[in-house]
file final-v4.txt (compact mmCIF, C-alpha atoms and all ligand atoms)
# COMPACT_ATOMS: atom_id res chain seq x y z
CA MET A 877 -5.54 8.65 -10.89
CA PRO A 878 -1.80 8.94 -10.37
CA GLY A 879 -1.65 7.54 -6.81
CA LEU A 880 -3.48 4.23 -6.23
CA CYS A 881 -3.02 2.37 -2.95
CA VAL A 882 -3.56 -1.41 -2.99
CA ILE A 883 -4.26 -2.91 0.42
CA GLY A 884 -5.36 -6.24 1.89
CA ALA A 885 -8.80 -5.89 3.49
CA GLN A 886 -8.75 -9.20 5.42
CA TRP A 887 -5.94 -11.09 7.22
CA GLY A 888 -3.42 -10.93 4.38
CA ASP A 889 -2.85 -13.39 1.52
CA GLU A 890 -5.78 -11.89 -0.39
CA GLY A 891 -3.90 -11.94 -3.69
CA LYS A 892 -2.28 -8.52 -3.70
CA GLY A 893 0.68 -9.88 -5.68
CA LYS A 894 -1.51 -10.84 -8.61
CA ILE A 895 -3.35 -7.51 -8.64
CA ILE A 896 -0.19 -5.43 -8.25
CA HIS A 897 1.26 -7.33 -11.19
CA TYR A 898 -1.98 -6.86 -13.18
CA LEU A 899 -1.99 -3.10 -12.57
CA ALA A 900 1.78 -2.57 -12.75
CA GLU A 901 1.74 -3.00 -16.53
CA LYS A 902 0.45 0.59 -16.69
CA ALA A 903 2.35 1.94 -13.66
CA ASP A 904 5.55 3.97 -13.67
CA LEU A 905 6.34 3.27 -10.04
CA VAL A 906 5.35 0.59 -7.51
CA CYS A 907 6.17 1.43 -3.90
CA ARG A 908 6.09 -0.99 -0.99
CA TYR A 909 5.49 0.83 2.29
CA GLN A 910 5.56 -1.57 5.26
CA GLY A 911 6.25 -5.10 6.49
CA GLY A 912 9.29 -7.14 5.60
CA ASP A 913 10.13 -10.55 4.19
CA ASN A 914 7.25 -11.97 6.24
CA ALA A 915 5.15 -11.19 3.15
CA GLY A 916 4.95 -13.51 0.19
CA HIS A 917 3.44 -12.21 -3.03
CA THR A 918 2.83 -14.87 -5.67
CA VAL A 919 2.69 -13.96 -9.36
CA ILE A 920 1.86 -16.48 -12.08
CA TRP A 921 2.80 -15.17 -15.51
CA GLY A 922 2.57 -17.53 -18.45
CA ASN A 923 4.45 -20.69 -17.43
CA GLU A 924 6.42 -18.89 -14.76
CA LYS A 925 5.76 -18.54 -11.05
CA PHE A 926 7.44 -15.82 -9.00
CA ILE A 927 7.24 -15.55 -5.22
CA LEU A 928 8.39 -12.14 -4.05
CA HIS A 929 8.91 -11.24 -0.41
CA LEU A 930 10.30 -7.70 -0.49
CA ILE A 931 10.54 -6.49 -4.08
CA PRO A 932 7.25 -5.23 -5.59
CA ALA A 933 5.81 -7.33 -8.42
CA GLY A 934 6.20 -4.30 -10.75
CA ILE A 935 9.85 -5.33 -11.16
CA LEU A 936 8.71 -7.94 -13.69
CA TYR A 937 7.91 -5.11 -16.15
CA PRO A 938 11.13 -3.56 -17.54
CA ASN A 939 9.68 -0.03 -17.61
CA CYS A 940 8.52 -0.04 -14.04
CA THR A 941 10.57 1.41 -11.19
CA CYS A 942 10.19 -0.15 -7.73
CA ILE A 943 10.66 1.42 -4.34
CA ILE A 944 11.09 -0.17 -0.93
CA GLY A 945 10.14 2.62 1.43
CA ASN A 946 11.32 3.71 4.87
CA GLY A 947 8.38 1.91 6.50
CA VAL A 948 9.69 -1.50 5.44
CA VAL A 949 12.07 -3.52 7.64
CA ILE A 950 14.71 -5.01 5.38
CA ASN A 951 16.51 -8.29 5.88
CA PRO A 952 19.48 -7.69 3.57
CA ARG A 953 20.26 -11.40 3.33
CA SER A 954 16.77 -12.07 1.91
CA LEU A 955 16.87 -9.00 -0.30
CA VAL A 956 20.24 -9.83 -1.86
CA SER A 957 19.04 -13.37 -2.52
CA GLU A 958 15.80 -12.04 -4.08
CA ILE A 959 17.73 -9.64 -6.33
CA ASN A 960 20.12 -12.43 -7.41
CA GLY A 961 17.26 -14.89 -7.92
CA LEU A 962 15.48 -12.44 -10.21
CA LYS A 963 18.70 -11.76 -12.11
CA GLN A 964 19.13 -15.50 -12.79
CA ARG A 965 15.65 -15.46 -14.32
CA GLY A 966 16.47 -12.50 -16.55
CA VAL A 967 15.03 -9.70 -14.38
CA ASP A 968 17.66 -7.06 -13.66
CA CYS A 969 16.90 -4.75 -10.74
CA SER A 970 19.78 -2.30 -11.32
CA GLY A 971 18.63 1.26 -11.88
CA ARG A 972 14.97 0.27 -11.30
CA LEU A 973 14.94 -0.74 -7.66
CA TRP A 974 15.47 1.85 -4.95
CA LEU A 975 15.72 1.24 -1.22
CA SER A 976 15.04 3.90 1.36
CA ASP A 977 18.10 4.99 3.30
CA ALA A 978 15.79 5.39 6.32
CA ALA A 979 14.41 1.83 6.30
CA ASN A 980 15.36 -0.24 9.35
CA VAL A 981 17.52 -3.33 8.96
CA ILE A 982 16.77 -6.80 10.31
CA PHE A 983 19.66 -8.60 12.04
CA PRO A 984 20.02 -12.23 13.21
CA TYR A 985 19.26 -11.26 16.83
CA HIS A 986 15.81 -10.09 15.70
CA HIS A 987 15.13 -13.62 14.43
CA MET A 988 16.48 -15.11 17.66
CA LEU A 989 14.25 -12.88 19.77
CA ASP A 990 11.19 -13.56 17.62
CA GLU A 991 11.73 -17.32 17.93
CA ALA A 992 12.52 -17.19 21.64
CA LYS A 993 9.35 -15.23 22.40
CA GLU A 994 7.20 -17.50 20.23
CA ALA A 995 8.62 -20.54 22.01
CA MET A 996 7.11 -19.27 25.26
CA LYS A 997 3.56 -20.59 25.25
CA LYS A 998 2.07 -17.46 26.81
CA GLY A 999 1.68 -14.64 24.33
CA LYS A 1000 2.28 -16.81 21.24
CA ILE A 1001 1.15 -15.02 18.08
CA GLY A 1002 2.14 -17.52 15.40
CA THR A 1003 4.57 -15.11 13.73
CA THR A 1004 6.55 -15.92 10.62
CA LYS A 1005 9.70 -15.87 12.83
CA ARG A 1006 11.36 -13.44 10.44
CA GLY A 1007 12.29 -11.00 13.22
CA ILE A 1008 9.71 -8.45 12.10
CA GLY A 1009 8.30 -7.51 15.53
CA PRO A 1010 11.72 -7.16 17.22
CA ALA A 1011 13.01 -5.01 14.33
CA TYR A 1012 10.03 -2.64 14.53
CA SER A 1013 10.43 -2.55 18.35
CA ASP A 1014 14.01 -1.33 17.91
CA ARG A 1015 12.85 1.35 15.49
CA THR A 1016 10.34 2.65 18.03
CA ASP A 1017 12.91 2.28 20.83
CA ARG A 1018 15.27 4.40 18.69
CA ILE A 1019 18.04 1.80 18.69
CA GLY A 1020 17.31 0.52 15.19
CA ILE A 1021 20.04 0.41 12.54
CA ARG A 1022 18.99 1.88 9.23
CA MET A 1023 20.03 1.30 5.62
CA CYS A 1024 22.11 4.52 5.68
CA ASP A 1025 24.06 3.03 8.63
CA LEU A 1026 24.61 -0.25 6.82
CA ILE A 1027 26.74 1.51 4.22
CA ASP A 1028 28.83 3.41 6.78
CA PRO A 1029 31.32 0.93 8.34
CA GLY A 1030 32.19 3.12 11.34
CA VAL A 1031 28.59 3.95 12.25
CA LEU A 1032 27.52 0.35 11.69
CA ALA A 1033 30.23 -0.94 14.04
CA GLU A 1034 29.35 1.56 16.76
CA LYS A 1035 25.59 1.00 16.61
CA LEU A 1036 25.83 -2.76 16.23
CA ARG A 1037 28.19 -3.12 19.21
CA PHE A 1038 25.75 -1.20 21.39
CA THR A 1039 22.65 -3.10 20.23
CA ILE A 1040 24.31 -6.51 20.40
CA LYS A 1041 25.23 -5.87 24.02
CA ILE A 1042 21.57 -5.15 24.91
CA LYS A 1043 20.20 -8.03 22.83
CA GLY A 1044 22.86 -10.39 24.17
CA ASP A 1045 21.80 -9.62 27.73
CA ILE A 1046 18.13 -10.28 26.91
CA LEU A 1047 18.83 -13.49 25.01
CA GLU A 1048 21.12 -14.82 27.72
CA LYS A 1049 19.42 -13.61 30.89
CA VAL A 1050 15.75 -13.77 29.90
CA TYR A 1051 15.72 -16.68 27.48
CA GLY A 1052 18.84 -18.61 28.54
CA LEU A 1053 20.24 -18.55 24.99
CA LYS A 1054 23.67 -17.89 23.51
CA ARG A 1055 24.75 -14.29 22.91
CA PRO A 1056 25.07 -13.27 19.24
CA ARG A 1057 28.66 -12.58 18.13
CA PHE A 1058 29.47 -9.09 16.91
CA SER A 1059 32.26 -9.98 14.48
CA ASN A 1060 30.31 -12.57 12.44
CA ILE A 1061 27.26 -10.37 12.05
CA TYR A 1062 29.28 -7.22 11.36
CA LYS A 1063 31.30 -8.88 8.59
CA GLU A 1064 28.30 -10.42 6.86
CA TRP A 1065 26.01 -7.39 7.13
CA LEU A 1066 28.75 -5.00 5.98
CA LYS A 1067 29.12 -7.13 2.87
CA TYR A 1068 25.37 -6.82 2.21
CA GLY A 1069 25.69 -3.06 2.69
CA GLU A 1070 28.35 -2.94 -0.02
CA GLU A 1071 26.19 -5.00 -2.39
CA LEU A 1072 23.08 -2.93 -1.75
CA LYS A 1073 24.77 0.49 -1.76
CA PRO A 1074 23.94 1.30 -5.41
CA TYR A 1075 20.23 0.86 -4.62
CA ILE A 1076 20.09 2.99 -1.46
CA THR A 1077 18.78 6.54 -1.69
CA ASN A 1078 16.25 9.01 -0.29
CA THR A 1079 13.15 7.38 -1.78
CA SER A 1080 10.76 10.01 -0.44
CA ILE A 1081 12.27 12.43 -2.97
CA LEU A 1082 11.87 9.90 -5.81
CA VAL A 1083 8.22 9.15 -5.06
CA ASN A 1084 7.26 12.80 -4.62
CA GLU A 1085 9.03 13.81 -7.82
CA ALA A 1086 7.23 11.08 -9.75
CA LEU A 1087 3.86 12.23 -8.36
CA ASP A 1088 4.70 15.88 -9.17
CA LYS A 1089 5.28 14.84 -12.78
CA GLY A 1090 1.89 13.09 -12.89
CA LYS A 1091 3.42 9.61 -13.15
CA LYS A 1092 1.26 6.61 -12.32
CA VAL A 1093 2.20 5.33 -8.89
CA LEU A 1094 1.00 2.21 -7.07
CA PHE A 1095 1.39 2.05 -3.31
CA GLU A 1096 1.71 -1.58 -2.30
CA GLY A 1097 0.60 -2.76 1.13
CA ALA A 1098 1.70 -6.11 2.54
CA GLN A 1099 -0.30 -8.29 4.96
CA GLY A 1100 -3.82 -6.99 5.59
CA THR A 1101 -6.06 -4.68 7.60
CA LEU A 1102 -6.86 -7.26 10.28
CA LEU A 1103 -3.11 -7.69 10.84
CA ASP A 1104 -2.61 -3.94 11.31
CA VAL A 1105 -0.90 -3.17 14.62
CA ASP A 1106 -3.58 -0.56 15.45
CA PHE A 1107 -6.69 -1.78 13.67
CA GLY A 1108 -6.21 -5.55 13.56
CA THR A 1109 -6.94 -8.34 16.02
CA TYR A 1110 -4.35 -7.05 18.48
CA PRO A 1111 -2.09 -8.62 19.72
CA TYR A 1112 -2.47 -11.25 16.96
CA VAL A 1113 -1.18 -8.82 14.36
CA THR A 1114 2.00 -7.85 12.58
CA SER A 1115 4.03 -4.89 13.85
CA SER A 1116 3.34 -2.35 11.12
CA ASN A 1117 0.43 -0.50 9.50
CA PRO A 1118 -0.76 -2.29 6.35
CA ILE A 1119 -3.74 0.08 6.12
CA ALA A 1120 -3.70 2.80 3.45
CA GLY A 1121 -2.57 5.45 5.95
CA GLY A 1122 0.65 3.46 6.35
CA ALA A 1123 1.61 4.48 2.81
CA SER A 1124 1.98 8.09 3.82
CA VAL A 1125 4.28 7.38 6.77
CA GLY A 1126 6.05 4.46 5.11
CA LEU A 1127 7.03 6.37 1.98
CA GLY A 1128 7.30 9.99 3.06
CA ILE A 1129 4.38 11.32 1.03
CA GLY A 1130 1.55 13.59 2.12
CA PRO A 1131 -1.78 11.82 2.74
CA LYS A 1132 -3.43 13.76 -0.11
CA ARG A 1133 -1.11 11.96 -2.54
CA ILE A 1134 -3.24 8.83 -2.21
CA ASP A 1135 -5.96 9.43 -4.79
CA SER A 1136 -7.73 6.14 -4.48
CA VAL A 1137 -7.69 2.94 -2.40
CA LEU A 1138 -8.29 -0.50 -3.88
CA GLY A 1139 -9.14 -3.12 -1.26
CA ILE A 1140 -8.25 -6.73 -2.07
CA ILE A 1141 -10.55 -9.40 -0.64
CA LYS A 1142 -11.00 -13.09 -1.22
CA ALA A 1143 -14.51 -14.43 -1.93
CA TYR A 1144 -14.07 -16.23 1.41
CA THR A 1145 -11.69 -15.63 4.33
CA THR A 1146 -8.33 -17.07 5.38
CA ARG A 1147 -5.80 -16.39 8.10
CA VAL A 1148 -2.42 -17.83 9.12
CA GLY A 1149 -1.10 -17.72 12.63
CA ASP A 1150 -3.03 -17.57 15.88
CA GLY A 1151 -5.87 -15.26 16.87
CA PRO A 1152 -9.64 -14.99 16.55
CA PHE A 1153 -11.39 -15.87 13.30
CA PRO A 1154 -15.18 -15.90 13.84
CA THR A 1155 -16.15 -17.46 10.48
CA GLU A 1156 -13.48 -20.19 10.53
CA LEU A 1157 -14.52 -23.60 9.17
CA PRO A 1158 -12.31 -26.08 10.99
CA GLY A 1159 -13.85 -29.22 9.42
CA ARG A 1160 -14.37 -30.79 6.01
CA LEU A 1161 -15.58 -27.62 4.30
CA GLY A 1162 -12.56 -25.65 5.50
CA ASN A 1163 -10.28 -28.40 4.14
CA LEU A 1164 -12.11 -28.34 0.82
CA ILE A 1165 -11.61 -24.58 0.46
CA ARG A 1166 -7.93 -24.96 1.49
CA ASP A 1167 -7.38 -27.64 -1.17
CA ARG A 1168 -9.26 -25.86 -3.95
CA GLY A 1169 -7.66 -22.52 -3.13
CA THR A 1170 -4.16 -23.97 -2.43
CA GLU A 1171 -4.23 -22.09 0.82
CA TYR A 1172 -0.69 -22.57 2.10
CA GLY A 1173 1.56 -19.67 3.17
CA ALA A 1174 3.90 -18.40 0.42
CA THR A 1175 6.54 -17.59 3.06
CA THR A 1176 6.17 -20.30 5.71
CA ARG A 1177 4.15 -22.99 3.82
CA ARG A 1178 1.84 -23.16 6.84
CA PRO A 1179 -1.71 -24.31 6.00
CA ARG A 1180 -4.05 -21.32 6.12
CA ARG A 1181 -7.17 -21.43 8.25
CA CYS A 1182 -10.22 -21.05 5.97
CA GLY A 1183 -13.74 -19.78 6.54
CA TRP A 1184 -16.76 -17.95 5.13
CA PHE A 1185 -16.74 -14.34 3.98
CA ASP A 1186 -17.12 -11.89 6.85
CA ALA A 1187 -18.86 -8.57 6.12
CA VAL A 1188 -18.25 -7.24 9.65
CA ILE A 1189 -14.51 -7.09 9.10
CA LEU A 1190 -15.17 -5.84 5.58
CA LYS A 1191 -17.04 -2.76 6.83
CA HIS A 1192 -14.24 -2.13 9.33
CA ALA A 1193 -11.68 -2.35 6.51
CA VAL A 1194 -13.69 0.04 4.32
CA ARG A 1195 -13.76 2.60 7.12
CA VAL A 1196 -10.14 2.49 8.33
CA ASN A 1197 -8.70 2.46 4.81
CA GLY A 1198 -11.19 4.65 2.96
CA ILE A 1199 -11.61 1.92 0.33
CA ASP A 1200 -13.00 3.20 -3.00
CA SER A 1201 -13.33 -0.12 -4.81
CA PHE A 1202 -12.60 -3.81 -4.42
CA ALA A 1203 -10.89 -6.64 -6.21
CA VAL A 1204 -12.56 -9.93 -5.27
CA MET A 1205 -10.11 -12.79 -5.58
CA LYS A 1206 -10.49 -16.56 -5.98
CA LEU A 1207 -14.20 -16.56 -6.81
CA ASP A 1208 -13.60 -19.81 -8.73
CA VAL A 1209 -12.66 -21.61 -5.49
CA LEU A 1210 -16.35 -21.50 -4.53
CA ASP A 1211 -17.52 -22.90 -7.91
CA THR A 1212 -18.32 -26.38 -6.53
CA LEU A 1213 -20.24 -25.39 -3.40
CA ARG A 1214 -23.98 -25.98 -3.26
CA ASN A 1215 -24.52 -23.28 -0.63
CA ILE A 1216 -22.38 -20.34 0.37
CA ARG A 1217 -22.57 -18.47 3.63
CA LEU A 1218 -21.92 -14.83 4.25
CA CYS A 1219 -21.50 -13.41 7.75
CA THR A 1220 -23.37 -10.13 8.32
CA GLY A 1221 -23.01 -9.80 12.10
CA TYR A 1222 -21.99 -11.60 15.27
CA ARG A 1223 -23.89 -12.90 18.24
CA TRP A 1224 -22.01 -12.17 21.45
CA ARG A 1225 -23.68 -13.29 24.67
CA ARG A 1226 -27.10 -11.69 24.28
CA HIS A 1227 -25.97 -8.92 21.94
CA THR A 1228 -25.93 -8.60 18.17
CA ILE A 1229 -22.73 -6.98 16.92
CA THR A 1230 -22.47 -5.46 13.46
CA GLU A 1231 -19.39 -3.28 14.02
CA TYR A 1232 -15.98 -4.85 14.47
CA PRO A 1233 -15.06 -4.81 18.19
CA SER A 1234 -11.58 -3.64 19.28
CA GLN A 1235 -11.59 -6.06 22.21
CA THR A 1236 -10.05 -9.22 20.81
CA ARG A 1237 -11.44 -11.12 23.80
CA ILE A 1238 -14.97 -10.44 22.47
CA LEU A 1239 -14.05 -11.53 18.98
CA PHE A 1240 -12.92 -14.91 20.33
CA GLU A 1241 -16.39 -15.45 21.76
CA CYS A 1242 -18.45 -14.17 18.81
CA LYS A 1243 -20.69 -16.53 16.86
CA PRO A 1244 -21.30 -15.48 13.27
CA ILE A 1245 -24.77 -14.63 11.98
CA TYR A 1246 -25.03 -15.97 8.44
CA GLU A 1247 -27.02 -15.38 5.31
CA GLU A 1248 -27.17 -18.39 3.03
CA TRP A 1249 -26.65 -17.92 -0.70
CA PRO A 1250 -27.15 -20.57 -3.39
CA GLY A 1251 -23.96 -21.67 -5.12
CA TRP A 1252 -23.58 -21.56 -8.92
CA LEU A 1253 -22.15 -25.08 -9.42
CA THR A 1254 -20.42 -24.21 -12.65
CA SER A 1255 -16.89 -23.20 -13.56
CA THR A 1256 -16.16 -19.47 -13.67
CA LYS A 1257 -12.54 -19.88 -14.85
CA GLY A 1258 -13.13 -18.88 -18.45
CA VAL A 1259 -15.38 -15.89 -17.72
CA ARG A 1260 -14.00 -12.44 -18.66
CA GLN A 1261 -17.09 -10.22 -18.31
CA PHE A 1262 -18.93 -9.61 -15.05
CA GLU A 1263 -22.29 -9.98 -16.82
CA GLU A 1264 -21.26 -13.45 -18.05
CA LEU A 1265 -20.76 -14.80 -14.53
CA PRO A 1266 -23.49 -17.22 -13.39
CA GLY A 1267 -26.49 -15.36 -11.93
CA ASN A 1268 -25.90 -16.73 -8.42
CA ALA A 1269 -22.27 -15.59 -8.48
CA GLN A 1270 -23.34 -12.10 -9.58
CA ALA A 1271 -25.95 -12.01 -6.81
CA TYR A 1272 -23.35 -13.05 -4.20
CA LEU A 1273 -20.92 -10.36 -5.37
CA ARG A 1274 -23.65 -7.70 -5.51
CA ARG A 1275 -24.57 -8.55 -1.92
CA ILE A 1276 -20.94 -7.99 -0.88
CA GLU A 1277 -21.00 -4.61 -2.63
CA GLU A 1278 -24.24 -3.73 -0.88
CA LEU A 1279 -22.93 -4.66 2.56
CA ALA A 1280 -19.69 -2.74 2.01
CA GLY A 1281 -21.23 0.24 0.24
CA VAL A 1282 -18.32 0.07 -2.20
CA PRO A 1283 -18.25 -1.17 -5.82
CA ILE A 1284 -16.29 -4.15 -7.09
CA ALA A 1285 -13.83 -3.15 -9.82
CA LEU A 1286 -12.09 -6.48 -10.43
CA VAL A 1287 -12.96 -10.15 -9.99
CA SER A 1288 -10.31 -12.85 -10.18
CA VAL A 1289 -11.34 -16.32 -11.34
CA GLY A 1290 -7.95 -18.05 -11.50
CA ALA A 1291 -4.29 -17.63 -10.60
CA GLU A 1292 -3.11 -16.36 -13.97
CA ARG A 1293 -2.99 -12.76 -15.03
CA ASP A 1294 -5.70 -13.08 -17.67
CA HIS A 1295 -8.11 -14.86 -15.31
CA THR A 1296 -9.29 -11.41 -14.34
CA ILE A 1297 -12.57 -9.60 -14.96
CA GLN A 1298 -12.33 -5.82 -15.04
CA ARG A 1299 -15.71 -4.23 -14.52
CA LYS A 1300 -16.81 -1.72 -17.16
CA GLY A 1301 -16.17 1.83 -15.94
CA ALA A 1302 -13.81 0.71 -13.15
CA LYS A 1303 -11.39 3.55 -12.42
CA LEU A 1304 -8.00 2.12 -11.52
CA LEU A 1305 -4.69 3.39 -12.88
P1 LIG A 1401 4.94 -11.40 11.91
O1 LIG A 1401 4.56 -10.39 10.91
O2 LIG A 1401 5.93 -12.41 11.38
O3 LIG A 1401 5.39 -10.79 13.20
O4 LIG A 1401 3.64 -12.26 12.27
C1 LIG A 1401 2.52 -11.70 12.94
C2 LIG A 1401 1.21 -12.26 12.39
O5 LIG A 1401 1.04 -11.79 11.06
C3 LIG A 1401 1.16 -13.78 12.33
O6 LIG A 1401 -0.17 -14.19 12.55
C4 LIG A 1401 1.54 -14.07 10.89
O7 LIG A 1401 1.03 -15.31 10.44
C5 LIG A 1401 0.86 -12.91 10.19
N1 LIG A 1401 1.48 -12.56 8.91
C6 LIG A 1401 2.66 -11.92 8.70
N2 LIG A 1401 2.89 -11.76 7.38
C7 LIG A 1401 1.84 -12.29 6.75
C8 LIG A 1401 1.48 -12.40 5.36
O8 LIG A 1401 2.18 -11.96 4.46
N3 LIG A 1401 0.29 -13.01 5.11
C9 LIG A 1401 -0.52 -13.47 6.10
N4 LIG A 1401 -0.23 -13.40 7.39
C10 LIG A 1401 0.94 -12.81 7.71
call {"tool": "encode", "arguments": {"input": "final-v4.txt", "output": "structure tokens", "more": "lines below"}}
Ligand code: IMP
result
Amino acid sequence: MPGLCVIGAQWGDEGKGKIIHYLAEKADLVCRYQGGDNAGHTVIWGNEKFILHLIPAGILYPNCTCIIGNGVVINPRSLVSEINGLKQRGVDCSGRLWLSDAANVIFPYHHMLDEAKEAMKKGKIGTTKRGIGPAYSDRTDRIGIRMCDLIDPGVLAEKLRFTIKIKGDILEKVYGLKRPRFSNIYKEWLKYGEELKPYITNTSILVNEALDKGKKVLFEGAQGTLLDVDFGTYPYVTSSNPIAGGASVGLGIGPKRIDSVLGIIKAYTTRVGDGPFPTELPGRLGNLIRDRGTEYGATTRRPRRCGWFDAVILKHAVRVNGIDSFAVMKLDVLDTLRNIRLCTGYRWRRHTITEYPSQTRILFECKPIYEEWPGWLTSTKGVRQFEELPGNAQAYLRRIEELAGVPIALVSVGAERDHTIQRKGAKLL
């Protein structure tokens, strides 16, 4: 299977970083296709912990090439610091990291606009304040500045002057804030352009050539399906398409290049930021899951909201992504629970809902319908074979498979790489 797409099937933070790292050992190429430095992918390898925001976790393997595709919005300040941080830890990105010349660039005014909008109570989304939404808006508005512009001083000056005038007017007149200064931003961003120049190329050609040669390619999604700008809990979403289809647009590959889709899910559910979350557990149980699962944002350190597993959103994710198999993460977090609940539908007014509703207003009012499953009350951390998991854990996982109509290929029972169960016969890379 040369082209495997790894996506988040919930609200992000499912553990994609760990699985990408697990699979990247056998991959030739790992390609990130959307989002920006709002993402935070955590990898624990031996005694080391890496938190990556833009660069795919494949970079930790010397033989793996990494791509940041045109669908990603790049904050060059973050990227340069990530490249330098990796270098200090002995990971050299030169010649193995390629950035799309068509990717849009994030500027300080995107951050200012993101923050200013979030500060207004109405319409608050709980963003990461990394300027992601404003940068994608500029792309769609056709006033974005791309990586190929960043390395062309004349074009950068012309485009930046124009955009700063528009953004300055909005910041000053709508939000009553100071106008950004052209000269400071131009100087700093031009410097980043010079530093990043050796990495910038037409990545669509690279990815397609690798696929033509039968190389093993991972397509890496950031965030998750329920944060997708089209298929998530709109407007409480990010501004890109984390679903598998985003890989085609965000990398410049034909849709038939995606041979298989691996959906990453946690054995429960979490979300950061505002928006509906029908199975949320706001009380003691939610706190217990947060503590056991260390559920704090890798990018913002915000505590994640925690709740039971939701099979309604799961079915939605299976459909919009075409998921072929799952990796279930953090099963061990549930080890100490006497009873575990699983949401199979919602009660809304006098209706029973089993398909995810597009109207976010409805989702706010939904009450989950639960099945209750007995816990296993024993540690799963040391288990390496599915059949060796406690019977109740196997039954819970089999029920998830049944509800989704999709098999589980991997189960994660701890943060480290080897705390992973690969199901016999699972077809991955
Ligand atoms: P933005 O992507 O910063 O615009 O934030 C929009 C929404 O997506 C907010 O609810 C964020 O908390 C959420 N979000 C963005 N990136 C991530 C992520 O990597 N994991 C989980 N939630 C995220």
call {"tool": "residues_around", "arguments": {"input": "final-v4.txt", "residues": "stretch 1179-1185 of chain A", "least_positions_apart": "6", "cutoff": "7 Å", "atoms": "only C-alpha atoms", "output": "ChimeraX atom specification"}}
result
/A:1143-1148,1155-1157,1162,1165-1166,1171-1173,1217-1219
call {"tool": "write_last_selection", "arguments": {"input": "final-v4.txt", "atoms": "C-alpha atoms", "output": "PDB file, in the coordinates of the input"}}
result
ATOM      1  CA  ALA A1143     -14.510 -14.430  -1.930  1.00  0.00           C
ATOM      2  CA  TYR A1144     -14.070 -16.230   1.410  1.00  0.00           C
ATOM      3  CA  THR A1145     -11.690 -15.630   4.330  1.00  0.00           C
ATOM      4  CA  THR A1146      -8.330 -17.070   5.380  1.00  0.00           C
ATOM      5  CA  ARG A1147      -5.800 -16.390   8.100  1.00  0.00           C
ATOM      6  CA  VAL A1148      -2.420 -17.830   9.120  1.00  0.00           C
ATOM      7  CA  THR A1155     -16.150 -17.460  10.480  1.00  0.00           C
ATOM      8  CA  GLU A1156     -13.480 -20.190  10.530  1.00  0.00           C
ATOM      9  CA  LEU A1157     -14.520 -23.600   9.170  1.00  0.00           C
ATOM     10  CA  GLY A1162     -12.560 -25.650   5.500  1.00  0.00           C
ATOM     11  CA  ILE A1165     -11.610 -24.580   0.460  1.00  0.00           C
ATOM     12  CA  ARG A1166      -7.930 -24.960   1.490  1.00  0.00           C
ATOM     13  CA  GLU A1171      -4.230 -22.090   0.820  1.00  0.00           C
ATOM     14  CA  TYR A1172      -0.690 -22.570   2.100  1.00  0.00           C
ATOM     15  CA  GLY A1173       1.560 -19.670   3.170  1.00  0.00           C
ATOM     16  CA  ARG A1217     -22.570 -18.470   3.630  1.00  0.00           C
ATOM     17  CA  LEU A1218     -21.920 -14.830   4.250  1.00  0.00           C
ATOM     18  CA  CYS A1219     -21.500 -13.410   7.750  1.00  0.00           C
TER      19      CYS A1219
END
call {"tool": "residues_near_ligand", "arguments": {"input": "final-v4.txt", "ligand": "ligand LIG 1401 (chain A)", "cutoff": "7 Å", "atoms": "all atoms listed in the file", "output": "mmCIF file with C-alpha atoms, in the coordinates of the input"}}
result
data_model
loop_
_atom_site.group_PDB
_atom_site.id
_atom_site.type_symbol
_atom_site.label_atom_id
_atom_site.label_comp_id
_atom_site.auth_asym_id
_atom_site.auth_seq_id
_atom_site.Cartn_x
_atom_site.Cartn_y
_atom_site.Cartn_z
ATOM 1 C CA TRP A 887 -5.940 -11.090 7.220
ATOM 2 C CA GLY A 888 -3.420 -10.930 4.380
ATOM 3 C CA ASP A 889 -2.850 -13.390 1.520
ATOM 4 C CA ASN A 914 7.250 -11.970 6.240
ATOM 5 C CA ALA A 915 5.150 -11.190 3.150
ATOM 6 C CA GLY A 916 4.950 -13.510 0.190
ATOM 7 C CA ILE A 1001 1.150 -15.020 18.080
ATOM 8 C CA GLY A 1002 2.140 -17.520 15.400
ATOM 9 C CA THR A 1003 4.570 -15.110 13.730
ATOM 10 C CA THR A 1004 6.550 -15.920 10.620
ATOM 11 C CA LYS A 1005 9.700 -15.870 12.830
ATOM 12 C CA ARG A 1006 11.360 -13.440 10.440
ATOM 13 C CA GLY A 1007 12.290 -11.000 13.220
ATOM 14 C CA ILE A 1008 9.710 -8.450 12.100
ATOM 15 C CA GLY A 1009 8.300 -7.510 15.530
ATOM 16 C CA ALA A 1098 1.700 -6.110 2.540
ATOM 17 C CA GLN A 1099 -0.300 -8.290 4.960
ATOM 18 C CA LEU A 1103 -3.110 -7.690 10.840
ATOM 19 C CA TYR A 1112 -2.470 -11.250 16.960
ATOM 20 C CA VAL A 1113 -1.180 -8.820 14.360
ATOM 21 C CA THR A 1114 2.000 -7.850 12.580
ATOM 22 C CA SER A 1115 4.030 -4.890 13.850
ATOM 23 C CA ARG A 1147 -5.800 -16.390 8.100
ATOM 24 C CA VAL A 1148 -2.420 -17.830 9.120
ATOM 25 C CA GLY A 1149 -1.100 -17.720 12.630
ATOM 26 C CA ASP A 1150 -3.030 -17.570 15.880
#
call {"tool": "closest_residue", "arguments": {"input": "final-v4.txt", "among": "A:Pro938, A:Gly911, A:Gly1097, A:Pro952", "to": "A:Leu880", "atoms": "only C-alpha atoms"}}
result
A:Gly1097
call {"tool": "residues_around", "arguments": {"input": "final-v4.txt", "residues": "A:Gly1122", "least_positions_apart": "4", "cutoff": "12 Å", "atoms": "all atoms listed in the file", "output": "ChimeraX atom specification"}}
result
/A:881-883,907-911,945-948,1095-1101,1104-1107,1115-1118,1126-1131,1134,1196-1197
